[in-house]
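With mmCIF, C-alpha atoms and all ligand atoms inside, this is data_38.cif:
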data_entry
loop_
_atom_site.label_atom_id
_atom_site.label_comp_id
_atom_site.auth_asym_id
_atom_site.auth_seq_id
_atom_site.Cartn_x
_atom_site.Cartn_y
_atom_site.Cartn_z
CA MET C 1 -8.61 27.65 6.65
CA ILE C 2 -5.09 28.20 5.29
CA THR C 3 -2.49 28.92 7.98
CA ALA C 4 1.26 29.55 7.83
CA ASP C 5 2.05 25.83 8.15
CA SER C 6 -0.73 24.53 5.86
CA PRO C 7 0.38 25.12 2.28
CA ARG C 8 -2.19 26.18 -0.28
CA ARG C 9 -3.82 23.14 -1.91
CA ALA C 10 -3.50 22.57 -5.65
CA PRO C 11 -6.81 23.30 -7.44
CA ILE C 12 -9.38 20.59 -8.13
CA LEU C 13 -8.93 19.36 -11.72
CA PHE C 14 -11.27 16.36 -11.47
CA PRO C 15 -14.41 17.30 -9.49
CA PHE C 16 -16.32 14.23 -8.34
CA ALA C 17 -19.84 15.76 -8.54
CA GLY C 18 -21.73 12.45 -8.60
CA ALA C 19 -18.91 10.52 -10.30
CA ARG C 20 -19.01 6.71 -10.34
CA ILE C 21 -15.69 5.53 -8.85
CA TRP C 22 -14.62 1.89 -8.93
CA VAL C 23 -12.37 0.84 -6.04
CA ALA C 24 -10.74 -2.38 -7.25
CA GLY C 25 -9.61 -4.36 -4.19
CA HIS C 26 -12.20 -2.84 -1.81
CA ARG C 27 -11.88 -5.70 0.72
CA GLY C 28 -8.16 -5.12 1.21
CA MET C 29 -6.59 -2.82 3.79
CA VAL C 30 -6.12 0.09 1.34
CA GLY C 31 -9.33 -0.51 -0.61
CA ALA C 32 -11.44 -0.53 2.57
CA ALA C 33 -9.80 2.74 3.71
CA LEU C 34 -10.58 4.25 0.30
CA VAL C 35 -14.22 3.20 0.61
CA ARG C 36 -14.34 4.85 4.09
CA ARG C 37 -12.79 8.05 2.71
CA LEU C 38 -14.96 8.20 -0.42
CA ALA C 39 -18.10 7.87 1.73
CA THR C 40 -17.50 11.52 2.67
CA GLU C 41 -17.46 12.67 -0.99
CA ASP C 42 -20.21 13.34 -3.53
CA CYS C 43 -19.68 10.15 -5.55
CA THR C 44 -20.96 6.60 -6.01
CA VAL C 45 -18.47 3.87 -5.07
CA LEU C 46 -18.53 0.74 -7.24
CA THR C 47 -17.11 -2.55 -5.96
CA ALA C 48 -16.96 -6.17 -7.14
CA GLU C 49 -16.30 -9.36 -5.20
CA ARG C 50 -13.33 -11.37 -6.39
CA ARG C 51 -15.53 -14.47 -6.87
CA HIS C 52 -17.47 -12.54 -9.53
CA LEU C 53 -14.52 -10.62 -11.00
CA ASP C 54 -11.01 -12.11 -11.03
CA LEU C 55 -8.76 -9.26 -12.15
CA THR C 56 -6.15 -11.64 -13.57
CA ARG C 57 -8.75 -12.60 -16.24
CA GLN C 58 -8.74 -10.06 -19.04
CA ALA C 59 -12.18 -10.84 -20.50
CA GLU C 60 -13.88 -10.54 -17.10
CA VAL C 61 -12.29 -7.13 -16.49
CA GLU C 62 -13.26 -5.86 -19.96
CA GLN C 63 -16.87 -7.04 -19.56
CA TRP C 64 -17.21 -5.54 -16.08
CA LEU C 65 -15.91 -2.14 -17.16
CA GLU C 66 -18.04 -2.12 -20.28
CA HIS C 67 -21.13 -2.87 -18.19
CA GLU C 68 -20.43 -0.54 -15.22
CA ARG C 69 -18.78 2.37 -17.08
CA PRO C 70 -17.14 4.11 -14.11
CA ASP C 71 -15.90 7.69 -14.44
CA ALA C 72 -12.81 6.89 -12.35
CA VAL C 73 -10.90 3.79 -11.25
CA ILE C 74 -8.64 3.33 -8.21
CA LEU C 75 -6.57 0.18 -8.61
CA ALA C 76 -5.94 -0.99 -5.03
CA ALA C 77 -6.06 -4.71 -5.86
CA ALA C 78 -2.83 -6.67 -6.02
CA ARG C 79 -1.21 -9.84 -4.75
CA VAL C 80 0.33 -8.35 -1.61
CA GLY C 81 2.51 -9.78 1.14
CA GLY C 82 5.49 -9.14 3.35
CA ILE C 83 9.14 -9.98 2.85
CA HIS C 84 8.72 -13.78 3.20
CA ALA C 85 5.71 -14.07 0.86
CA ASN C 86 7.44 -11.92 -1.77
CA ASP C 87 10.72 -13.80 -1.55
CA SER C 88 9.24 -17.31 -1.59
CA ARG C 89 6.61 -16.93 -4.36
CA PRO C 90 8.32 -14.82 -7.05
CA ALA C 91 6.30 -16.20 -9.98
CA ASP C 92 2.93 -15.51 -8.29
CA PHE C 93 3.90 -11.98 -7.30
CA LEU C 94 5.28 -11.08 -10.73
CA SER C 95 2.63 -12.79 -12.85
CA ASP C 96 -0.53 -11.84 -10.89
CA ASN C 97 0.52 -8.23 -10.44
CA LEU C 98 1.49 -7.82 -14.08
CA ALA C 99 -1.87 -9.28 -15.14
CA ILE C 100 -3.95 -7.18 -12.74
CA ALA C 101 -2.16 -3.95 -13.74
CA ARG C 102 -2.31 -4.66 -17.45
CA ASN C 103 -5.94 -5.85 -17.49
CA VAL C 104 -7.36 -2.99 -15.44
CA ILE C 105 -5.30 -0.19 -16.98
CA ASP C 106 -5.75 -1.29 -20.62
CA ALA C 107 -9.49 -1.98 -20.22
CA SER C 108 -9.93 1.42 -18.51
CA ALA C 109 -8.24 3.02 -21.53
CA SER C 110 -10.53 1.13 -23.95
CA GLN C 111 -13.59 2.30 -22.00
CA CYS C 112 -12.26 5.90 -21.90
CA VAL C 113 -12.34 6.02 -18.08
CA ARG C 114 -11.80 9.71 -17.30
CA LYS C 115 -9.33 9.22 -14.45
CA LEU C 116 -7.38 6.24 -13.10
CA LEU C 117 -5.08 5.98 -10.08
CA PHE C 118 -2.63 3.08 -9.81
CA LEU C 119 -0.89 2.16 -6.57
CA GLY C 120 2.83 1.43 -6.76
CA SER C 121 5.09 0.75 -3.76
CA SER C 122 8.34 2.15 -2.38
CA CYS C 123 10.09 -1.10 -3.36
CA VAL C 124 10.09 0.17 -6.99
CA TYR C 125 13.19 2.22 -6.16
CA PRO C 126 16.70 0.73 -6.33
CA ARG C 127 18.02 -0.92 -3.17
CA ALA C 128 20.94 1.51 -3.11
CA ALA C 129 18.90 4.60 -4.04
CA ARG C 130 20.02 7.85 -2.43
CA GLN C 131 17.90 8.54 0.69
CA PRO C 132 15.36 10.04 0.92
CA MET C 133 14.26 8.58 -2.43
CA THR C 134 12.81 10.99 -4.99
CA GLU C 135 10.54 10.01 -7.87
CA ASP C 136 13.49 10.57 -10.24
CA GLY C 137 15.28 7.53 -8.77
CA LEU C 138 13.00 5.13 -10.65
CA MET C 139 14.91 2.72 -12.93
CA THR C 140 18.35 3.97 -11.91
CA GLY C 141 19.73 0.77 -10.35
CA PRO C 142 19.21 -2.84 -9.19
CA LEU C 143 16.20 -3.64 -6.99
CA GLU C 144 16.09 -5.19 -3.50
CA PRO C 145 16.27 -8.98 -4.19
CA THR C 146 13.50 -9.98 -1.73
CA SER C 147 10.87 -7.82 -3.48
CA GLN C 148 12.23 -7.46 -7.02
CA TRP C 149 9.58 -9.61 -8.72
CA TYR C 150 6.70 -7.65 -7.22
CA ALA C 151 8.60 -4.40 -7.85
CA VAL C 152 9.03 -5.16 -11.56
CA ALA C 153 5.24 -5.63 -11.89
CA LYS C 154 4.65 -2.38 -10.00
CA ILE C 155 7.12 -0.52 -12.24
CA ALA C 156 5.27 -1.92 -15.28
CA GLY C 157 2.00 -0.56 -13.85
CA LEU C 158 3.47 2.90 -13.26
CA MET C 159 4.87 2.96 -16.78
CA LEU C 160 1.68 1.68 -18.39
CA CYS C 161 -0.14 4.68 -16.88
CA GLN C 162 2.56 6.96 -18.29
CA ALA C 163 2.40 5.25 -21.69
CA HIS C 164 -1.38 5.65 -22.00
CA ARG C 165 -1.07 9.32 -21.01
CA ARG C 166 1.68 9.90 -23.61
CA GLN C 167 0.22 7.91 -26.49
CA HIS C 168 -3.54 8.42 -26.02
CA GLY C 169 -3.87 11.38 -23.64
CA HIS C 170 -5.62 9.31 -20.91
CA ASN C 171 -5.62 10.96 -17.49
CA PHE C 172 -4.00 8.03 -15.66
CA ILE C 173 -1.80 8.72 -12.63
CA SER C 174 0.12 6.65 -10.11
CA VAL C 175 1.12 7.02 -6.48
CA THR C 176 4.03 5.33 -4.72
CA PRO C 177 3.22 4.73 -1.05
CA THR C 178 5.69 3.84 1.65
CA ASN C 179 5.09 0.86 4.05
CA LEU C 180 1.50 0.96 5.32
CA TYR C 181 -0.35 -0.28 8.41
CA GLY C 182 -3.82 0.10 9.87
CA PRO C 183 -7.28 -1.42 10.29
CA GLY C 184 -8.20 -4.31 8.02
CA ASP C 185 -4.64 -5.59 7.50
CA SER C 186 -3.82 -9.25 6.88
CA TYR C 187 -2.65 -10.99 10.07
CA HIS C 188 -1.27 -14.08 8.36
CA PRO C 189 1.57 -15.23 10.64
CA THR C 190 4.18 -15.65 7.90
CA ASP C 191 2.85 -13.88 4.79
CA SER C 192 1.86 -10.49 6.23
CA HIS C 193 3.91 -7.30 6.57
CA ALA C 194 5.87 -6.48 9.72
CA PRO C 195 3.25 -4.27 11.46
CA ALA C 196 0.46 -6.88 11.35
CA ALA C 197 2.74 -9.88 11.97
CA LEU C 198 4.34 -8.24 15.00
CA LEU C 199 1.03 -6.96 16.36
CA ARG C 200 -0.45 -10.45 16.27
CA ARG C 201 2.64 -12.10 17.79
CA LEU C 202 2.94 -9.52 20.58
CA HIS C 203 -0.78 -9.74 21.36
CA GLU C 204 -0.67 -13.55 21.51
CA ALA C 205 2.43 -13.40 23.74
CA LYS C 206 0.67 -11.00 26.10
CA VAL C 207 -2.38 -13.28 26.30
CA SER C 208 -0.31 -16.45 26.85
CA GLY C 209 2.22 -14.78 29.17
CA ALA C 210 5.18 -15.71 26.92
CA GLU C 211 8.50 -14.25 28.12
CA THR C 212 9.91 -13.54 24.65
CA VAL C 213 8.69 -12.54 21.20
CA THR C 214 10.65 -13.16 18.02
CA VAL C 215 11.31 -10.29 15.60
CA TRP C 216 12.66 -11.26 12.17
CA GLY C 217 16.09 -10.01 11.11
CA THR C 218 18.50 -7.79 13.02
CA GLY C 219 15.93 -5.14 13.93
CA ARG C 220 18.23 -2.55 12.32
CA PRO C 221 16.48 -1.89 8.96
CA LEU C 222 14.79 1.48 8.80
CA ARG C 223 11.21 1.85 7.60
CA GLU C 224 8.74 4.69 7.17
CA PHE C 225 5.21 3.67 8.27
CA LEU C 226 2.10 5.50 7.01
CA PHE C 227 -1.37 4.99 8.51
CA VAL C 228 -3.68 3.61 5.81
CA ASP C 229 -6.42 6.24 6.27
CA ASP C 230 -3.81 8.92 5.59
CA LEU C 231 -2.89 7.10 2.38
CA ALA C 232 -6.57 6.94 1.34
CA ASP C 233 -6.87 10.68 1.93
CA ALA C 234 -3.75 11.31 -0.19
CA CYS C 235 -5.16 9.15 -3.01
CA VAL C 236 -8.44 11.10 -3.07
CA PHE C 237 -6.46 14.35 -2.96
CA LEU C 238 -4.33 13.28 -5.94
CA LEU C 239 -7.27 11.86 -7.89
CA GLN C 240 -8.92 15.26 -7.66
CA ARG C 241 -5.87 17.53 -7.97
CA TYR C 242 -3.00 15.84 -9.81
CA ALA C 243 -2.72 15.11 -13.53
CA GLY C 244 0.93 14.39 -14.32
CA GLU C 245 3.03 11.61 -15.82
CA ARG C 246 5.43 11.24 -12.89
CA THR C 247 4.45 8.96 -9.98
CA ILE C 248 3.95 10.78 -6.66
CA ASN C 249 5.56 9.50 -3.44
CA VAL C 250 3.34 9.28 -0.35
CA GLY C 251 5.21 9.07 2.95
CA THR C 252 5.49 10.60 6.40
CA GLY C 253 9.16 11.62 6.28
CA VAL C 254 9.65 9.87 9.64
CA GLU C 255 11.67 6.63 9.85
CA VAL C 256 12.05 4.14 12.64
CA SER C 257 14.16 1.00 13.03
CA ILE C 258 12.25 -2.30 13.08
CA GLY C 259 13.52 -2.90 16.64
CA ALA C 260 12.17 0.48 17.83
CA PHE C 261 8.93 -0.12 15.94
CA ALA C 262 8.44 -3.50 17.68
CA ARG C 263 9.10 -1.84 21.07
CA ALA C 264 6.57 0.94 20.30
CA LEU C 265 4.01 -1.70 19.34
CA ALA C 266 4.74 -3.72 22.51
CA GLU C 267 4.06 -0.59 24.57
CA VAL C 268 0.70 0.03 22.85
CA ILE C 269 -0.29 -3.62 23.35
CA GLY C 270 0.95 -3.71 26.94
CA TYR C 271 3.45 -6.55 26.42
CA ASP C 272 6.44 -6.24 28.77
CA GLY C 273 8.43 -9.35 27.80
CA ARG C 274 11.70 -9.45 25.86
CA LEU C 275 12.23 -9.11 22.10
CA VAL C 276 14.51 -11.71 20.47
CA PHE C 277 15.94 -11.05 16.99
CA ASP C 278 16.02 -14.00 14.58
CA THR C 279 18.93 -13.15 12.28
CA THR C 280 18.34 -16.24 10.14
CA ARG C 281 15.43 -14.23 8.66
CA PRO C 282 16.16 -11.60 5.99
CA ASP C 283 16.37 -7.87 6.74
CA GLY C 284 15.45 -6.89 3.19
CA SER C 285 16.14 -3.32 2.23
CA PRO C 286 18.33 -1.56 4.83
CA ARG C 287 16.46 1.72 4.41
CA LYS C 288 13.65 3.09 2.20
CA LEU C 289 12.65 6.59 3.12
CA LEU C 290 10.54 8.39 0.52
CA ASP C 291 11.08 12.01 -0.40
CA SER C 292 7.50 13.34 -0.42
CA THR C 293 8.41 16.94 -1.26
CA ARG C 294 6.30 16.95 -4.43
CA LEU C 295 3.16 15.88 -2.56
CA ARG C 296 3.80 18.44 0.19
CA ALA C 297 4.16 21.14 -2.48
CA LEU C 298 0.69 20.20 -3.82
CA GLY C 299 -0.65 20.92 -0.32
CA TRP C 300 -1.11 17.49 1.33
CA ARG C 301 0.40 16.16 4.54
CA PRO C 302 -0.34 13.16 6.81
CA ARG C 303 -2.33 13.68 10.02
CA VAL C 304 -1.97 10.49 12.08
CA SER C 305 1.12 10.00 14.29
CA LEU C 306 2.67 6.53 14.62
CA ARG C 307 1.46 6.24 18.23
CA GLU C 308 -2.13 7.17 17.35
CA GLY C 309 -2.09 4.93 14.28
CA LEU C 310 -0.86 1.92 16.28
CA GLU C 311 -3.52 2.51 18.95
CA ARG C 312 -6.26 2.67 16.30
CA THR C 313 -4.91 -0.45 14.59
CA TYR C 314 -4.77 -2.43 17.85
CA ALA C 315 -8.30 -1.29 18.75
CA ASP C 316 -9.51 -2.58 15.37
CA PHE C 317 -7.69 -5.89 15.94
CA LEU C 318 -9.27 -6.29 19.41
CA ALA C 319 -12.68 -5.57 17.86
CA GLY C 320 -12.16 -8.48 15.44
CA GLY C 321 -10.94 -6.50 12.41
CA GLY C 322 -8.47 -7.76 9.82
CA ARG C 323 -8.06 -10.90 7.74
CA HIS C 324 -6.34 -14.30 8.05
CA ARG C 325 -6.60 -14.21 11.83
CA ASP C 326 -7.30 -17.93 12.01
CA ALA C 327 -4.33 -18.90 9.84
CA SER C 328 -1.31 -20.45 11.54
N1 LIG D 401 0.37 -2.84 2.49
C1 LIG D 401 1.43 -2.07 2.23
O1 LIG D 401 2.31 -1.87 3.10
C2 LIG D 401 1.56 -1.43 0.89
C3 LIG D 401 0.64 -1.64 -0.13
N2 LIG D 401 0.81 -1.01 -1.34
C4 LIG D 401 -0.12 -1.25 -2.45
O2 LIG D 401 -1.44 -0.90 -2.08
C5 LIG D 401 -2.38 -1.74 -2.75
C6 LIG D 401 -3.30 -2.38 -1.74
O3 LIG D 401 -2.54 -3.12 -0.80
P1 LIG D 401 -3.20 -3.73 0.53
O4 LIG D 401 -4.54 -3.15 0.72
O5 LIG D 401 -2.19 -3.65 1.57
O6 LIG D 401 -3.35 -5.26 0.12
P2 LIG D 401 -4.45 -6.32 0.59
O7 LIG D 401 -3.84 -7.65 0.41
O8 LIG D 401 -4.95 -5.94 1.93
O9 LIG D 401 -5.63 -6.12 -0.46
C7 LIG D 401 -5.47 -6.49 -1.80
C8 LIG D 401 -6.84 -6.63 -2.43
O10 LIG D 401 -6.66 -7.06 -3.78
C9 LIG D 401 -7.62 -8.06 -4.06
N3 LIG D 401 -7.14 -8.95 -5.10
C10 LIG D 401 -5.95 -9.58 -5.17
N4 LIG D 401 -5.87 -10.34 -6.28
C11 LIG D 401 -7.07 -10.21 -6.92
C12 LIG D 401 -7.62 -10.75 -8.09
N5 LIG D 401 -6.94 -11.60 -8.87
N6 LIG D 401 -8.89 -10.39 -8.45
C13 LIG D 401 -9.61 -9.53 -7.67
N7 LIG D 401 -9.13 -8.98 -6.54
C14 LIG D 401 -7.88 -9.31 -6.17
C15 LIG D 401 -7.80 -8.80 -2.75
O11 LIG D 401 -9.05 -9.47 -2.80
P3 LIG D 401 -9.53 -10.51 -1.69
O12 LIG D 401 -9.93 -9.67 -0.52
O13 LIG D 401 -10.66 -11.19 -2.31
O14 LIG D 401 -8.35 -11.38 -1.39
C16 LIG D 401 -7.74 -7.65 -1.75
O15 LIG D 401 -9.01 -7.08 -1.58
C17 LIG D 401 -1.56 -2.75 -3.54
O16 LIG D 401 -1.42 -2.30 -4.86
C18 LIG D 401 -0.21 -2.70 -2.85
O17 LIG D 401 0.82 -3.04 -3.73
C19 LIG D 401 1.86 -0.17 -1.57
C20 LIG D 401 2.79 0.08 -0.60
C21 LIG D 401 2.73 -0.55 0.71
C1 LIG D 402 5.66 -2.42 1.48
C2 LIG D 402 6.74 -3.34 0.98
O1 LIG D 402 6.97 -4.36 1.93
C3 LIG D 402 7.84 -5.42 1.62
O2 LIG D 402 9.13 -5.09 2.01
P1 LIG D 402 9.55 -4.86 3.52
O3 LIG D 402 9.57 -3.42 3.83
O4 LIG D 402 10.82 -5.57 3.75
O5 LIG D 402 8.33 -5.51 4.32
P2 LIG D 402 8.00 -6.29 5.62
O6 LIG D 402 6.93 -5.52 6.28
O7 LIG D 402 7.69 -7.70 5.33
O8 LIG D 402 9.33 -6.28 6.53
C4 LIG D 402 9.89 -5.12 7.03
C5 LIG D 402 11.04 -5.44 7.96
O9 LIG D 402 10.49 -5.99 9.16
C6 LIG D 402 11.18 -7.16 9.52
N1 LIG D 402 10.31 -8.03 10.31
C7 LIG D 402 10.48 -8.29 11.64
N2 LIG D 402 9.57 -9.18 12.05
C8 LIG D 402 8.77 -9.43 10.99
C9 LIG D 402 7.63 -10.28 10.81
O10 LIG D 402 7.19 -10.98 11.72
N3 LIG D 402 7.06 -10.28 9.57
C10 LIG D 402 7.54 -9.52 8.53
N4 LIG D 402 6.90 -9.55 7.34
N5 LIG D 402 8.63 -8.73 8.67
C11 LIG D 402 9.24 -8.69 9.88
C12 LIG D 402 11.60 -7.75 8.17
O11 LIG D 402 12.65 -8.69 8.33
C13 LIG D 402 12.03 -6.48 7.43
O12 LIG D 402 13.32 -6.11 7.83
C14 LIG D 402 7.89 -5.78 0.15
O13 LIG D 402 8.19 -7.15 0.11
C15 LIG D 402 6.65 -5.38 -0.52
O14 LIG D 402 5.55 -6.08 -0.01
C16 LIG D 402 6.36 -3.95 -0.33
O15 LIG D 402 5.86 -3.26 -1.20
#
I need this file expressed as structure tokens, please.
Ligand SMILES: NC(=O)C1=CN([C@@H]2O[C@H](COP(=O)(O)OP(=O)(O)OC[C@H]3O[C@@H](n4cnc5c(N)ncnc54)[C@H](OP(=O)(O)O)[C@@H]3O)[C@@H](O)[C@H]2O)C=CC1
Ligand SMILES: C[C@H]1O[C@H](OP(=O)(O)OP(=O)(O)OC[C@H]2O[C@@H](n3cnc4c(=O)[nH]c(N)nc43)[C@H](O)[C@@H]2O)[C@@H](O)[C@@H](O)C1=O
Amino acid sequence: MITADSPRRAPILFPFAGARIWVAGHRGMVGAALVRRLATEDCTVLTAERRHLDLTRQAEVEQWLEHERPDAVILAAARVGGIHANDSRPADFLSDNLAIARNVIDASASQCVRKLLFLGSSCVYPRAARQPMTEDGLMTGPLEPTSQWYAVAKIAGLMLCQAHRRQHGHNFISVTPTNLYGPGDSYHPTDSHAPAALLRRLHEAKVSGAETVTVWGTGRPLREFLFVDDLADACVFLLQRYAGERTINVGTGVEVSIGAFARALAEVIGYDGRLVFDTTRPDGSPRKLLDSTRLRALGWRPRVSLREGLERTYADFLAGGGRHRDAS
């Protein structure tokens, strides 16, 4: 039903109707959410384990696509990590992500895949971009140093989709999500993103009765956090209804400081100790709020509030969900 506050949805341009859709990276946080979301659609989801298909190897990707012949591809595989992982392994983040983007996008073009969706990241925009950041800010200034290597690979992926559309008419699109959180995240103590790292640390402090929990940086940077199932819904929406060259931002429009985010998480977990800020750790970008006006105009908006999303994420963690939980 369309009401006054639910804008009319853009028409379906790519009906699934039994389509074979490959979710590359299906075991990751985003890929798993995509598989959950696509289970409600009339389509067949294709997946491949990394041990059988390493996406950094061009020949393997070409052979797999030639054999499986999907109608659509969602590229949710990447070397992903938080501020420390990005900053300390620049070569891995640049090289692997360039290879994965190039191999999957070029091979999809060779196999005439009818639709492809590539996932960028809000770190593609310049560190000093005007806030909120519109899609037009791409390539207008220097990047945030802690994530620049990964961001360059992501920018290359966005542009490769544009280039194939321009030169060969392939229907390849890209989305640029803000910071994500949710079930199935990586809980690696040092290499994960802030939501998972803080959730794990706060939970362990609650269990052990620790009086303080360390939060990296000053706690002042502002971030916009989107629940991963909302992102998956936006990706399906755009796969069906968007066919343009420009990347599309996916955010909530709501920002929160890292300090306030850690306090909100502590409340959900039931930890009542003190937060200590370790200012020897980097803050990274001071602010990265996406302008999601274009997506709203197409008729999509997020559904899950930060409080509900954190409760669902913690419930998944308590039920044993997520990866790298044994790492220390
Ligand atoms: N998390 C976030 O806050 C944000 C994420 N994004 C983007 O969303 C996408 C998904 O991220 P997210 O789900 O968080 O990341 P995850 O780390 O949770 O998942 C990444 C997936 O990629 C797979 N993968 C990595 N390298 C290879 C490879 N060489 N061959 C085959 N598979 C590989 C991993 O496989 P395996 O399970 O075997 O390790 C994993 O399933 C990425 O493109 C990321 O850049 C964008 C903005 C924010
Ligand atoms: C999505 C985006 O995410 C990355 O950028 P980022 O937004 O800086 O990501 P982050 O989640 O690691 O940190 C967010 C903030 O939170 C603070 N912070 C506090 N305590 C912990 C903590 O314990 N772990 C981490 N990781 N951060 C912490 C941390 O110091 C920073 O101020 C890109 O590298 C790249 O991966 C990318 O695309």
If you count only C-alpha atoms and all ligand atoms, which residues end up within 8 Å of ligand LIG 401 (chain D), as a PDB file with C-alpha atoms, keeping the file's coordinate frame?
ATOM      1  CA  ALA C  24     -10.740  -2.380  -7.250  1.00  0.00           C
ATOM      2  CA  GLY C  25      -9.610  -4.360  -4.190  1.00  0.00           C
ATOM      3  CA  HIS C  26     -12.200  -2.840  -1.810  1.00  0.00           C
ATOM      4  CA  ARG C  27     -11.880  -5.700   0.720  1.00  0.00           C
ATOM      5  CA  GLY C  28      -8.160  -5.120   1.210  1.00  0.00           C
ATOM      6  CA  MET C  29      -6.590  -2.820   3.790  1.00  0.00           C
ATOM      7  CA  VAL C  30      -6.120   0.090   1.340  1.00  0.00           C
ATOM      8  CA  GLY C  31      -9.330  -0.510  -0.610  1.00  0.00           C
ATOM      9  CA  ALA C  32     -11.440  -0.530   2.570  1.00  0.00           C
ATOM     10  CA  GLU C  49     -16.300  -9.360  -5.200  1.00  0.00           C
ATOM     11  CA  ARG C  50     -13.330 -11.370  -6.390  1.00  0.00           C
ATOM     12  CA  ARG C  51     -15.530 -14.470  -6.870  1.00  0.00           C
ATOM     13  CA  LEU C  53     -14.520 -10.620 -11.000  1.00  0.00           C
ATOM     14  CA  ASP C  54     -11.010 -12.110 -11.030  1.00  0.00           C
ATOM     15  CA  LEU C  55      -8.760  -9.260 -12.150  1.00  0.00           C
ATOM     16  CA  THR C  56      -6.150 -11.640 -13.570  1.00  0.00           C
ATOM     17  CA  ARG C  57      -8.750 -12.600 -16.240  1.00  0.00           C
ATOM     18  CA  LEU C  75      -6.570   0.180  -8.610  1.00  0.00           C
ATOM     19  CA  ALA C  76      -5.940  -0.990  -5.030  1.00  0.00           C
ATOM     20  CA  ALA C  77      -6.060  -4.710  -5.860  1.00  0.00           C
ATOM     21  CA  ALA C  78      -2.830  -6.670  -6.020  1.00  0.00           C
ATOM     22  CA  ARG C  79      -1.210  -9.840  -4.750  1.00  0.00           C
ATOM     23  CA  VAL C  80       0.330  -8.350  -1.610  1.00  0.00           C
ATOM     24  CA  GLY C  81       2.510  -9.780   1.140  1.00  0.00           C
ATOM     25  CA  GLY C  82       5.490  -9.140   3.350  1.00  0.00           C
ATOM     26  CA  ASP C  96      -0.530 -11.840 -10.890  1.00  0.00           C
ATOM     27  CA  ASN C  97       0.520  -8.230 -10.440  1.00  0.00           C
ATOM     28  CA  ILE C 100      -3.950  -7.180 -12.740  1.00  0.00           C
ATOM     29  CA  PHE C 118      -2.630   3.080  -9.810  1.00  0.00           C
ATOM     30  CA  LEU C 119      -0.890   2.160  -6.570  1.00  0.00           C
ATOM     31  CA  GLY C 120       2.830   1.430  -6.760  1.00  0.00           C
ATOM     32  CA  SER C 121       5.090   0.750  -3.760  1.00  0.00           C
ATOM     33  CA  SER C 122       8.340   2.150  -2.380  1.00  0.00           C
ATOM     34  CA  CYS C 123      10.090  -1.100  -3.360  1.00  0.00           C
ATOM     35  CA  LYS C 154       4.650  -2.380 -10.000  1.00  0.00           C
ATOM     36  CA  THR C 176       4.030   5.330  -4.720  1.00  0.00           C
ATOM     37  CA  PRO C 177       3.220   4.730  -1.050  1.00  0.00           C
ATOM     38  CA  THR C 178       5.690   3.840   1.650  1.00  0.00           C
ATOM     39  CA  ASN C 179       5.090   0.860   4.050  1.00  0.00           C
ATOM     40  CA  LEU C 180       1.500   0.960   5.320  1.00  0.00           C
ATOM     41  CA  TYR C 181      -0.350  -0.280   8.410  1.00  0.00           C
ATOM     42  CA  GLY C 184      -8.200  -4.310   8.020  1.00  0.00           C
ATOM     43  CA  ASP C 185      -4.640  -5.590   7.500  1.00  0.00           C
ATOM     44  CA  SER C 186      -3.820  -9.250   6.880  1.00  0.00           C
ATOM     45  CA  HIS C 193       3.910  -7.300   6.570  1.00  0.00           C
TER      46      HIS C 193
END
Open item on the list: Residues contacting ligand LIG 402 (chain D) - anything with an atom at most 8 Å away, using all atoms listed in the file - can you give me those as a PyMOL selection string?
Closed with: chain C and resi 80-87+120-124+146-147+150-151+177-180+189-198+201+214-223+258-259+262+281-286+288
TODO: Please measure the separation of atom CA of C:Arg325 and atom CA of C:His188, giving the value in Å to one decimal.
DONE: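 Separating atom CA of C:Arg325 from atom CA of C:His188 is a distance of 6.4 Å.
Distances here use only C-alpha atoms; by that measure, the residue among C:Thr40, C:Gln111, C:Thr134, C:Asn103 closest to C:Glu68 is C:Gln111.
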Task: Pairwise distance for atom CA of C:Glu144 and atom CA of C:Pro90, rounded to one decimal in Å - done: 12.9 Å
- [ ] Find, counting all atoms listed in the file, the residue in C:Arg200, C:Ala266, C:Ile12, C:Asp291 that gets nearest to C:Ala327.
- [x] C:Arg200
- [ ] Report the distance between atom CA of C:Ala91 and atom CA of C:Pro126 in Å, rounded to one decimal place.
- [x] 20.2 Å
Open item on the list: Just want the 10 Å neighbourhood of C:Val113, counted on all atoms listed in the file, with same-chain residues fewer than 4 positions away dropped. Output as a list in words.
Closed with: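 Within the cut-off, the hits are Ile21, Leu65, Arg69, Pro70, Asp71, Ala72, Val73, Ile105, Ala107, Ser108, Ala109, His170, Asn171 and Phe172 of chain C.
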Open item on the list: I'd like to know which of C:Val256, C:Val152, C:Ala33, C:Leu238 is closest to C:Glu224, using all atoms listed in the file.
Closed with: C:Val256
Task: Which residue of C:Leu289, C:Val250, C:Cys43, C:Ala319 approaches C:Asp233 most closely, using all atoms listed in the file - done: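 Closest candidate: C:Val250.
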Open item on the list: Taking 5 positions as the minimum chain separation for residues in the same chain, which residues sit within 10 Å of C:Arg312 when counting only C-alpha atoms? Answer as a ChimeraX atom specification.
Closed with: /C:182-183,227,268,304,306-307,317-318
